[in-house]
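Dropping query_12.csv in here (CSV, N, CA and C atoms):
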chain,number,residue,atom,x,y,z
A,1,GLN,N,-9.9,-14.7,-24.9
A,1,GLN,CA,-8.6,-14.3,-24.3
A,1,GLN,C,-8.7,-14.3,-22.8
A,2,VAL,N,-7.7,-14.8,-22.1
A,2,VAL,CA,-7.7,-14.8,-20.7
A,2,VAL,C,-6.5,-14.0,-20.2
A,3,GLN,N,-6.7,-13.1,-19.3
A,3,GLN,CA,-5.6,-12.4,-18.7
A,3,GLN,C,-5.7,-12.5,-17.2
A,4,LEU,N,-4.5,-12.7,-16.6
A,4,LEU,CA,-4.4,-12.7,-15.2
A,4,LEU,C,-3.5,-11.5,-14.7
A,5,VAL,N,-4.0,-10.8,-13.8
A,5,VAL,CA,-3.3,-9.6,-13.3
A,5,VAL,C,-3.0,-9.7,-11.8
A,6,GLU,N,-1.8,-9.7,-11.5
A,6,GLU,CA,-1.4,-9.9,-10.1
A,6,GLU,C,-1.0,-8.6,-9.4
A,7,SER,N,-1.2,-8.6,-8.1
A,7,SER,CA,-0.8,-7.4,-7.4
A,7,SER,C,-0.4,-7.8,-6.0
A,8,GLY,N,0.4,-7.0,-5.3
A,8,GLY,CA,0.6,-7.2,-3.9
A,8,GLY,C,2.0,-7.6,-3.5
A,9,GLY,N,2.9,-7.8,-4.5
A,9,GLY,CA,4.3,-8.1,-4.1
A,9,GLY,C,5.0,-6.9,-3.5
A,10,GLY,N,6.3,-7.2,-3.1
A,10,GLY,CA,7.0,-6.1,-2.5
A,10,GLY,C,8.2,-6.6,-1.6
A,11,LEU,N,8.7,-5.7,-0.9
A,11,LEU,CA,9.8,-6.0,0.0
A,11,LEU,C,9.3,-5.9,1.5
A,12,VAL,N,9.7,-7.0,2.2
A,12,VAL,CA,9.2,-7.1,3.6
A,12,VAL,C,10.4,-7.7,4.4
A,13,GLN,N,10.4,-7.4,5.7
A,13,GLN,CA,11.4,-8.0,6.6
A,13,GLN,C,10.9,-9.4,7.0
A,14,ALA,N,11.9,-10.2,7.3
A,14,ALA,CA,11.6,-11.6,7.8
A,14,ALA,C,10.6,-11.5,9.0
A,15,GLY,N,9.6,-12.4,8.9
A,15,GLY,CA,8.6,-12.4,10.0
A,15,GLY,C,7.4,-11.6,9.6
A,16,GLY,N,7.5,-10.8,8.5
A,16,GLY,CA,6.4,-10.0,8.1
A,16,GLY,C,5.4,-10.7,7.3
A,17,SER,N,4.4,-9.9,6.7
A,17,SER,CA,3.4,-10.5,5.9
A,17,SER,C,3.2,-9.7,4.6
A,18,LEU,N,2.7,-10.5,3.6
A,18,LEU,CA,2.3,-9.9,2.4
A,18,LEU,C,1.1,-10.6,1.9
A,19,ARG,N,0.3,-9.9,1.1
A,19,ARG,CA,-0.9,-10.5,0.5
A,19,ARG,C,-0.9,-10.3,-1.0
A,20,LEU,N,-0.9,-11.4,-1.7
A,20,LEU,CA,-0.9,-11.4,-3.2
A,20,LEU,C,-2.3,-11.6,-3.7
A,21,SER,N,-2.7,-10.9,-4.7
A,21,SER,CA,-4.0,-11.1,-5.3
A,21,SER,C,-3.8,-11.2,-6.8
A,22,CYS,N,-4.7,-12.0,-7.4
A,22,CYS,CA,-4.7,-12.2,-8.8
A,22,CYS,C,-6.2,-12.2,-9.3
A,23,ALA,N,-6.4,-11.4,-10.3
A,23,ALA,CA,-7.7,-11.3,-10.9
A,23,ALA,C,-7.7,-11.8,-12.4
A,24,ALA,N,-8.6,-12.7,-12.7
A,24,ALA,CA,-8.6,-13.3,-14.0
A,24,ALA,C,-9.8,-12.8,-14.8
A,25,SER,N,-9.5,-12.3,-16.0
A,25,SER,CA,-10.5,-11.8,-16.9
A,25,SER,C,-10.9,-13.0,-17.8
A,26,VAL,N,-12.0,-13.6,-17.6
A,26,VAL,CA,-12.4,-14.8,-18.4
A,26,VAL,C,-13.8,-14.6,-18.8
A,27,THR,N,-14.1,-14.9,-20.1
A,27,THR,CA,-15.5,-14.8,-20.6
A,27,THR,C,-15.8,-16.2,-21.2
A,28,SER,N,-17.0,-16.7,-21.0
A,28,SER,CA,-17.6,-17.8,-21.6
A,28,SER,C,-17.0,-19.2,-21.2
A,29,PHE,N,-16.0,-19.1,-20.3
A,29,PHE,CA,-15.4,-20.4,-19.8
A,29,PHE,C,-15.4,-20.4,-18.3
A,30,SER,N,-15.4,-21.6,-17.8
A,30,SER,CA,-15.3,-21.7,-16.3
A,30,SER,C,-13.8,-21.8,-15.9
A,31,ILE,N,-13.5,-21.4,-14.7
A,31,ILE,CA,-12.2,-21.5,-14.2
A,31,ILE,C,-12.2,-22.7,-13.2
A,32,ASN,N,-11.3,-23.6,-13.4
A,32,ASN,CA,-11.2,-24.7,-12.5
A,32,ASN,C,-10.2,-24.4,-11.4
A,33,ALA,N,-9.1,-25.0,-11.4
A,33,ALA,CA,-8.1,-24.7,-10.3
A,33,ALA,C,-7.5,-23.3,-10.6
A,34,MET,N,-7.1,-22.7,-9.5
A,34,MET,CA,-6.3,-21.5,-9.5
A,34,MET,C,-5.2,-21.6,-8.5
A,35,GLY,N,-4.1,-20.8,-8.6
A,35,GLY,CA,-3.1,-20.9,-7.5
A,35,GLY,C,-1.9,-20.1,-7.8
A,36,TRP,N,-0.8,-20.5,-7.1
A,36,TRP,CA,0.4,-19.7,-7.2
A,36,TRP,C,1.6,-20.7,-7.3
A,37,TYR,N,2.5,-20.3,-8.2
A,37,TYR,CA,3.9,-20.9,-8.2
A,37,TYR,C,4.9,-19.8,-7.9
A,38,ARG,N,6.1,-20.2,-7.6
A,38,ARG,CA,7.1,-19.2,-7.5
A,38,ARG,C,8.4,-19.7,-8.1
A,39,GLN,N,9.3,-18.8,-8.4
A,39,GLN,CA,10.6,-19.1,-9.0
A,39,GLN,C,11.6,-18.2,-8.4
A,40,ALA,N,12.6,-18.8,-7.7
A,40,ALA,CA,13.7,-18.1,-7.2
A,40,ALA,C,14.9,-18.1,-8.2
A,41,PRO,N,15.8,-17.2,-8.1
A,41,PRO,CA,16.9,-17.1,-9.0
A,41,PRO,C,17.7,-18.5,-9.0
A,42,GLY,N,17.9,-19.0,-10.2
A,42,GLY,CA,18.6,-20.2,-10.3
A,42,GLY,C,17.9,-21.5,-9.9
A,43,LYS,N,16.6,-21.4,-9.6
A,43,LYS,CA,15.8,-22.5,-9.2
A,43,LYS,C,14.6,-22.8,-10.2
A,44,GLN,N,14.1,-24.0,-10.1
A,44,GLN,CA,12.9,-24.3,-10.9
A,44,GLN,C,11.7,-23.7,-10.3
A,45,ARG,N,10.7,-23.4,-11.2
A,45,ARG,CA,9.4,-22.9,-10.7
A,45,ARG,C,8.8,-24.0,-9.8
A,46,GLU,N,8.2,-23.7,-8.7
A,46,GLU,CA,7.6,-24.7,-7.8
A,46,GLU,C,6.2,-24.2,-7.4
A,47,LEU,N,5.4,-25.2,-7.2
A,47,LEU,CA,4.0,-24.9,-6.7
A,47,LEU,C,4.1,-24.4,-5.3
A,48,VAL,N,3.4,-23.3,-5.0
A,48,VAL,CA,3.3,-22.8,-3.7
A,48,VAL,C,1.9,-23.3,-3.1
A,49,ALA,N,0.9,-23.0,-3.8
A,49,ALA,CA,-0.5,-23.4,-3.3
A,49,ALA,C,-1.5,-23.4,-4.4
A,50,GLY,N,-2.4,-24.3,-4.4
A,50,GLY,CA,-3.5,-24.3,-5.4
A,50,GLY,C,-4.8,-24.5,-4.7
A,51,ILE,N,-5.9,-24.1,-5.4
A,51,ILE,CA,-7.2,-24.2,-4.8
A,51,ILE,C,-8.2,-24.5,-6.0
A,52,THR,N,-9.1,-25.5,-5.7
A,52,THR,CA,-10.1,-25.9,-6.7
A,52,THR,C,-11.3,-24.9,-6.7
A,53,SER,N,-12.1,-25.1,-7.7
A,53,SER,CA,-13.3,-24.3,-7.7
A,53,SER,C,-14.2,-24.5,-6.5
A,54,GLY,N,-14.1,-25.7,-5.9
A,54,GLY,CA,-14.8,-26.0,-4.6
A,54,GLY,C,-14.1,-25.6,-3.4
A,55,SER,N,-13.0,-24.9,-3.5
A,55,SER,CA,-12.2,-24.3,-2.4
A,55,SER,C,-11.4,-25.4,-1.7
A,56,SER,N,-11.1,-26.5,-2.3
A,56,SER,CA,-10.1,-27.5,-1.7
A,56,SER,C,-8.7,-27.0,-2.0
A,57,ALA,N,-7.9,-26.8,-1.0
A,57,ALA,CA,-6.6,-26.2,-1.1
A,57,ALA,C,-5.5,-27.2,-0.9
A,58,ASN,N,-4.3,-27.0,-1.5
A,58,ASN,CA,-3.1,-27.8,-1.2
A,58,ASN,C,-2.0,-26.8,-1.2
A,59,TYR,N,-1.0,-27.2,-0.4
A,59,TYR,CA,0.2,-26.3,-0.2
A,59,TYR,C,1.5,-27.1,-0.3
A,60,ALA,N,2.5,-26.4,-0.7
A,60,ALA,CA,3.9,-26.9,-0.6
A,60,ALA,C,4.2,-27.1,0.9
A,61,ASP,N,4.9,-28.1,1.2
A,61,ASP,CA,5.3,-28.3,2.6
A,61,ASP,C,6.0,-27.1,3.3
A,62,SER,N,6.8,-26.4,2.4
A,62,SER,CA,7.6,-25.3,3.0
A,62,SER,C,6.7,-24.1,3.4
A,63,VAL,N,5.5,-24.1,3.0
A,63,VAL,CA,4.6,-22.9,3.3
A,63,VAL,C,3.4,-23.3,4.2
A,64,LYS,N,3.3,-24.6,4.5
A,64,LYS,CA,2.1,-25.0,5.3
A,64,LYS,C,2.2,-24.3,6.7
A,65,GLY,N,1.0,-23.8,7.1
A,65,GLY,CA,0.9,-23.2,8.4
A,65,GLY,C,1.3,-21.7,8.3
A,66,ARG,N,1.9,-21.2,7.2
A,66,ARG,CA,2.3,-19.8,7.1
A,66,ARG,C,1.5,-19.1,6.0
A,67,PHE,N,1.1,-19.8,4.9
A,67,PHE,CA,0.4,-19.2,3.8
A,67,PHE,C,-1.0,-19.8,3.8
A,68,THR,N,-1.9,-18.9,3.3
A,68,THR,CA,-3.3,-19.3,3.2
A,68,THR,C,-3.8,-18.8,1.8
A,69,ILE,N,-4.4,-19.8,1.0
A,69,ILE,CA,-4.9,-19.4,-0.3
A,69,ILE,C,-6.4,-19.4,-0.2
A,70,SER,N,-7.0,-18.5,-0.9
A,70,SER,CA,-8.5,-18.4,-0.9
A,70,SER,C,-8.9,-17.9,-2.3
A,71,ARG,N,-10.1,-18.0,-2.7
A,71,ARG,CA,-10.6,-17.5,-3.9
A,71,ARG,C,-12.0,-17.0,-3.8
A,72,ASP,N,-12.4,-16.2,-4.8
A,72,ASP,CA,-13.8,-15.7,-4.9
A,72,ASP,C,-14.2,-16.0,-6.3
A,73,ASN,N,-15.0,-17.0,-6.4
A,73,ASN,CA,-15.5,-17.5,-7.7
A,73,ASN,C,-16.3,-16.5,-8.5
A,74,ALA,N,-17.1,-15.7,-7.8
A,74,ALA,CA,-17.9,-14.7,-8.4
A,74,ALA,C,-17.0,-13.6,-9.1
A,75,LYS,N,-15.9,-13.3,-8.5
A,75,LYS,CA,-15.0,-12.3,-9.0
A,75,LYS,C,-13.8,-12.8,-9.8
A,76,ASN,N,-13.7,-14.2,-9.8
A,76,ASN,CA,-12.6,-14.8,-10.5
A,76,ASN,C,-11.2,-14.3,-9.9
A,77,THR,N,-11.1,-14.3,-8.6
A,77,THR,CA,-9.9,-13.8,-8.0
A,77,THR,C,-9.4,-14.9,-7.1
A,78,VAL,N,-8.1,-14.9,-6.9
A,78,VAL,CA,-7.4,-15.8,-6.0
A,78,VAL,C,-6.4,-15.0,-5.2
A,79,THR,N,-6.3,-15.3,-3.9
A,79,THR,CA,-5.5,-14.5,-3.0
A,79,THR,C,-4.6,-15.4,-2.2
A,80,LEU,N,-3.4,-15.0,-2.0
A,80,LEU,CA,-2.4,-15.7,-1.2
A,80,LEU,C,-2.0,-14.8,0.0
A,81,GLN,N,-2.4,-15.2,1.2
A,81,GLN,CA,-2.0,-14.5,2.4
A,81,GLN,C,-0.7,-15.2,2.9
A,82,MET,N,0.4,-14.4,3.0
A,82,MET,CA,1.7,-14.9,3.4
A,82,MET,C,2.1,-14.3,4.7
A,83,ASN,N,2.2,-15.2,5.7
A,83,ASN,CA,2.6,-14.7,7.0
A,83,ASN,C,4.0,-15.4,7.4
A,84,SER,N,4.6,-14.8,8.4
A,84,SER,CA,5.9,-15.3,8.9
A,84,SER,C,6.8,-15.6,7.8
A,85,LEU,N,7.0,-14.6,6.9
A,85,LEU,CA,7.8,-14.7,5.8
A,85,LEU,C,9.3,-14.9,6.1
A,86,LYS,N,10.0,-15.7,5.3
A,86,LYS,CA,11.4,-16.0,5.5
A,86,LYS,C,12.1,-15.6,4.3
A,87,PRO,N,13.4,-15.3,4.4
A,87,PRO,CA,14.2,-15.0,3.3
A,87,PRO,C,14.2,-16.0,2.1
A,88,GLU,N,14.0,-17.2,2.5
A,88,GLU,CA,13.9,-18.3,1.4
A,88,GLU,C,12.6,-18.2,0.7
A,89,ASP,N,11.6,-17.4,1.1
A,89,ASP,CA,10.4,-17.2,0.3
A,89,ASP,C,10.6,-16.2,-0.8
A,90,THR,N,11.8,-15.5,-0.9
A,90,THR,CA,12.1,-14.6,-1.9
A,90,THR,C,12.0,-15.2,-3.3
A,91,ALA,N,11.2,-14.7,-4.2
A,91,ALA,CA,11.0,-15.3,-5.5
A,91,ALA,C,10.1,-14.4,-6.3
A,92,VAL,N,10.0,-14.7,-7.6
A,92,VAL,CA,8.9,-14.1,-8.4
A,92,VAL,C,7.7,-15.1,-8.2
A,93,TYR,N,6.5,-14.6,-7.9
A,93,TYR,CA,5.3,-15.4,-7.7
A,93,TYR,C,4.4,-15.2,-8.9
A,94,TYR,N,4.0,-16.4,-9.4
A,94,TYR,CA,3.1,-16.4,-10.6
A,94,TYR,C,1.8,-17.0,-10.3
A,95,CYS,N,0.8,-16.3,-10.6
A,95,CYS,CA,-0.6,-16.8,-10.5
A,95,CYS,C,-0.9,-17.6,-11.7
A,96,TYR,N,-1.7,-18.6,-11.6
A,96,TYR,CA,-2.2,-19.4,-12.7
A,96,TYR,C,-3.7,-19.7,-12.6
A,97,ALA,N,-4.3,-20.0,-13.7
A,97,ALA,CA,-5.7,-20.4,-13.7
A,97,ALA,C,-5.9,-21.5,-14.8
A,98,ASP,N,-6.6,-22.5,-14.4
A,98,ASP,CA,-6.9,-23.6,-15.4
A,98,ASP,C,-8.3,-23.4,-15.9
A,99,VAL,N,-8.4,-23.1,-17.2
A,99,VAL,CA,-9.7,-22.6,-17.8
A,99,VAL,C,-10.3,-23.6,-18.7
A,100,GLY,N,-11.6,-23.7,-18.7
A,100,GLY,CA,-12.4,-24.5,-19.7
A,100,GLY,C,-12.3,-26.0,-19.4
A,101,LEU,N,-13.0,-26.7,-20.4
A,101,LEU,CA,-13.2,-28.1,-20.2
A,101,LEU,C,-11.8,-28.9,-20.2
A,102,LEU,N,-10.8,-28.4,-20.9
A,102,LEU,CA,-9.5,-29.0,-21.0
A,102,LEU,C,-8.5,-28.4,-19.9
A,103,SER,N,-9.1,-27.5,-19.1
A,103,SER,CA,-8.2,-26.9,-18.1
A,103,SER,C,-6.9,-26.4,-18.6
A,104,HIS,N,-7.1,-25.6,-19.7
A,104,HIS,CA,-5.9,-24.9,-20.2
A,104,HIS,C,-5.3,-24.0,-19.2
A,105,ARG,N,-4.0,-24.0,-19.0
A,105,ARG,CA,-3.4,-23.2,-18.0
A,105,ARG,C,-2.9,-21.8,-18.5
A,106,PHE,N,-3.4,-20.8,-17.8
A,106,PHE,CA,-2.9,-19.4,-18.2
A,106,PHE,C,-2.1,-18.9,-17.0
A,107,TRP,N,-1.2,-18.0,-17.3
A,107,TRP,CA,-0.3,-17.5,-16.3
A,107,TRP,C,-0.4,-16.0,-16.2
A,108,GLY,N,-0.1,-15.5,-15.0
A,108,GLY,CA,0.1,-14.1,-14.8
A,108,GLY,C,1.5,-13.7,-15.1
A,109,GLN,N,1.8,-12.4,-15.1
A,109,GLN,CA,3.1,-11.9,-15.5
A,109,GLN,C,4.1,-12.0,-14.4
A,110,GLY,N,3.7,-12.3,-13.2
A,110,GLY,CA,4.6,-12.5,-12.1
A,110,GLY,C,4.8,-11.2,-11.2
A,111,THR,N,5.0,-11.4,-9.9
A,111,THR,CA,5.2,-10.3,-9.0
A,111,THR,C,6.3,-10.7,-8.1
A,112,GLN,N,7.2,-9.7,-7.8
A,112,GLN,CA,8.4,-10.0,-7.0
A,112,GLN,C,8.0,-9.9,-5.6
A,113,VAL,N,8.5,-10.9,-4.8
A,113,VAL,CA,8.4,-10.9,-3.3
A,113,VAL,C,9.8,-11.0,-2.8
A,114,THR,N,10.3,-10.0,-2.0
A,114,THR,CA,11.6,-10.1,-1.5
A,114,THR,C,11.5,-10.0,0.0
A,115,VAL,N,12.1,-10.9,0.7
A,115,VAL,CA,12.1,-11.0,2.2
A,115,VAL,C,13.5,-10.8,2.7
A,116,SER,N,13.7,-9.7,3.4
A,116,SER,CA,15.1,-9.4,3.9
A,116,SER,C,15.3,-10.0,5.3
A,117,SER,N,16.5,-10.4,5.6
A,117,SER,CA,16.8,-11.0,6.9
A,117,SER,C,17.2,-9.9,7.9

Translate this structure into C-alpha cells?
Amino acid sequence: QVQLVESGGGLVQAGGSLRLSCAASVTSFSINAMGWYRQAPGKQRELVAGITSGSSANYADSVKGRFTISRDNAKNTVTLQMNSLKPEDTAVYYCYADVGLLSHRFWGQGTQVTVSS
C-alpha cells in the first residue's frame, strides 16, 4: 500500500510564497518520478513540475522561474517551493509518485492553494 500525504497549502496574497510538501509511505518498492499536478475549477488537471529519482526536473512553462521542485530520496519526500505566486496559480495541488518497475502512479489527496489579488 502506498500513501501520499501532502501539506503546506493555504491562502496567500499575489507575489507571496508557499511551500508544498509530500511524503510517500512506500515499502519494498522504489519510487521513480515524483511531482505535482494542479486542477483549477472548471479546468483539466495539468502538470506543474516533476522530478526523477536522479533529480532531473521539468516544469510547466507557466511556472518556470517561479517554482522549484526538489526531493529527498532517503525520506521519500518531494517539495514544491512556489514564489511570486499569481491568482492564476489558484488550484488544488496534487502530489504523485510513480512506484515500482511498472511506475504505477499514486496520488495524494490534494491541497488547496489560493492566491488573492

Item to complete: Tell me which of A:Val12, A:Ala23, A:Ala60, A:Ala40 sits closest to Thr79 in chain A, counting all atoms listed in the file.
Response: A:Ala23

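The coordinates place atom C of Val5 in chain A at 18.2 Å from atom N of Ser30 in chain A.
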
Discussion item. So the first atom is CA of Gln44 in chain A and the second is CA of Leu80 in chain A; what is the distance between them in Å, to one decimal place?
Written reply: 20.1 Å

Item to complete: Give me, please, the distance in Å between atom C of Gln109 in chain A and atom N of Gln81 in chain A, quoted to one decimal.
Response: 17.2 Å

Discussion item. Using only C-alpha atoms, can you tell me which of A:Gln3, A:Ser62, A:Gln112, A:Ser55 comes closest to Lys86 in chain A?
Written reply: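 Smallest separation from Lys86 in chain A among the options: A:Ser62.
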
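Each of A:Asn32, A:Ser116, A:Asn76, A:Thr111 was compared to Gly8 in chain A using only C-alpha atoms, and A:Thr111 turns out to be the nearest.
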
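Closest to Val92 in chain A among A:Asp61, A:Arg38, A:Ala49, A:Val115 is A:Arg38, based on only N, CA and C atoms.
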
Any chance you could model all heavy atoms for range 12-23 of chain A and send them as a short mmCIF file (atom, residue, chain, number, x, y, z; two decimals), in the frame of the given file?
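The result, written out as selection.cif:
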data_model
loop_
_atom_site.label_atom_id
_atom_site.label_comp_id
_atom_site.auth_asym_id
_atom_site.auth_seq_id
_atom_site.Cartn_x
_atom_site.Cartn_y
_atom_site.Cartn_z
N VAL A 12 9.70 -7.00 2.20
CA VAL A 12 9.20 -7.10 3.60
C VAL A 12 10.40 -7.70 4.40
O VAL A 12 11.16 -8.47 3.88
CB VAL A 12 7.93 -7.91 3.70
CG1 VAL A 12 8.16 -9.35 3.29
CG2 VAL A 12 7.31 -7.83 5.08
N GLN A 13 10.40 -7.40 5.70
CA GLN A 13 11.40 -8.00 6.60
C GLN A 13 10.90 -9.40 7.00
O GLN A 13 9.73 -9.72 6.98
CB GLN A 13 11.59 -7.16 7.81
CG GLN A 13 12.33 -5.85 7.55
CD GLN A 13 12.69 -5.14 8.83
OE1 GLN A 13 12.00 -5.26 9.84
NE2 GLN A 13 13.77 -4.38 8.80
N ALA A 14 11.90 -10.20 7.30
CA ALA A 14 11.60 -11.60 7.80
C ALA A 14 10.60 -11.50 9.00
O ALA A 14 10.77 -10.64 9.85
CB ALA A 14 12.87 -12.30 8.19
N GLY A 15 9.60 -12.40 8.90
CA GLY A 15 8.60 -12.40 10.00
C GLY A 15 7.40 -11.60 9.60
O GLY A 15 6.36 -11.67 10.28
N GLY A 16 7.50 -10.80 8.50
CA GLY A 16 6.40 -10.00 8.10
C GLY A 16 5.40 -10.70 7.30
O GLY A 16 5.48 -11.92 7.07
N SER A 17 4.40 -9.90 6.70
CA SER A 17 3.40 -10.50 5.90
C SER A 17 3.20 -9.70 4.60
O SER A 17 3.46 -8.54 4.56
CB SER A 17 2.05 -10.46 6.73
OG SER A 17 2.12 -11.23 7.91
N LEU A 18 2.70 -10.50 3.60
CA LEU A 18 2.30 -9.90 2.40
C LEU A 18 1.10 -10.60 1.90
O LEU A 18 0.84 -11.76 2.23
CB LEU A 18 3.38 -9.96 1.32
CG LEU A 18 4.55 -8.99 1.37
CD1 LEU A 18 5.58 -9.37 0.31
CD2 LEU A 18 4.09 -7.56 1.18
N ARG A 19 0.30 -9.90 1.10
CA ARG A 19 -0.90 -10.50 0.50
C ARG A 19 -0.90 -10.30 -1.00
O ARG A 19 -0.81 -9.17 -1.48
CB ARG A 19 -2.15 -9.80 1.10
CG ARG A 19 -3.49 -10.38 0.69
CD ARG A 19 -4.61 -9.59 1.36
NE ARG A 19 -5.93 -10.08 1.05
CZ ARG A 19 -6.58 -10.98 1.78
NH1 ARG A 19 -6.01 -11.48 2.86
NH2 ARG A 19 -7.79 -11.37 1.43
N LEU A 20 -0.90 -11.40 -1.70
CA LEU A 20 -0.90 -11.40 -3.20
C LEU A 20 -2.30 -11.60 -3.70
O LEU A 20 -3.03 -12.47 -3.13
CB LEU A 20 0.02 -12.44 -3.74
CG LEU A 20 1.49 -12.43 -3.29
CD1 LEU A 20 2.25 -13.53 -4.04
CD2 LEU A 20 2.12 -11.08 -3.53
N SER A 21 -2.70 -10.90 -4.70
CA SER A 21 -4.00 -11.10 -5.30
C SER A 21 -3.80 -11.20 -6.80
O SER A 21 -2.89 -10.72 -7.41
CB SER A 21 -4.89 -9.85 -5.04
OG SER A 21 -5.16 -9.72 -3.66
N CYS A 22 -4.70 -12.00 -7.40
CA CYS A 22 -4.70 -12.20 -8.80
C CYS A 22 -6.20 -12.20 -9.30
O CYS A 22 -7.02 -12.91 -8.78
CB CYS A 22 -4.09 -13.57 -9.11
SG CYS A 22 -4.14 -14.09 -10.83
N ALA A 23 -6.40 -11.40 -10.30
CA ALA A 23 -7.70 -11.30 -10.90
C ALA A 23 -7.70 -11.80 -12.40
O ALA A 23 -6.82 -11.42 -13.15
CB ALA A 23 -8.20 -9.86 -10.92
#
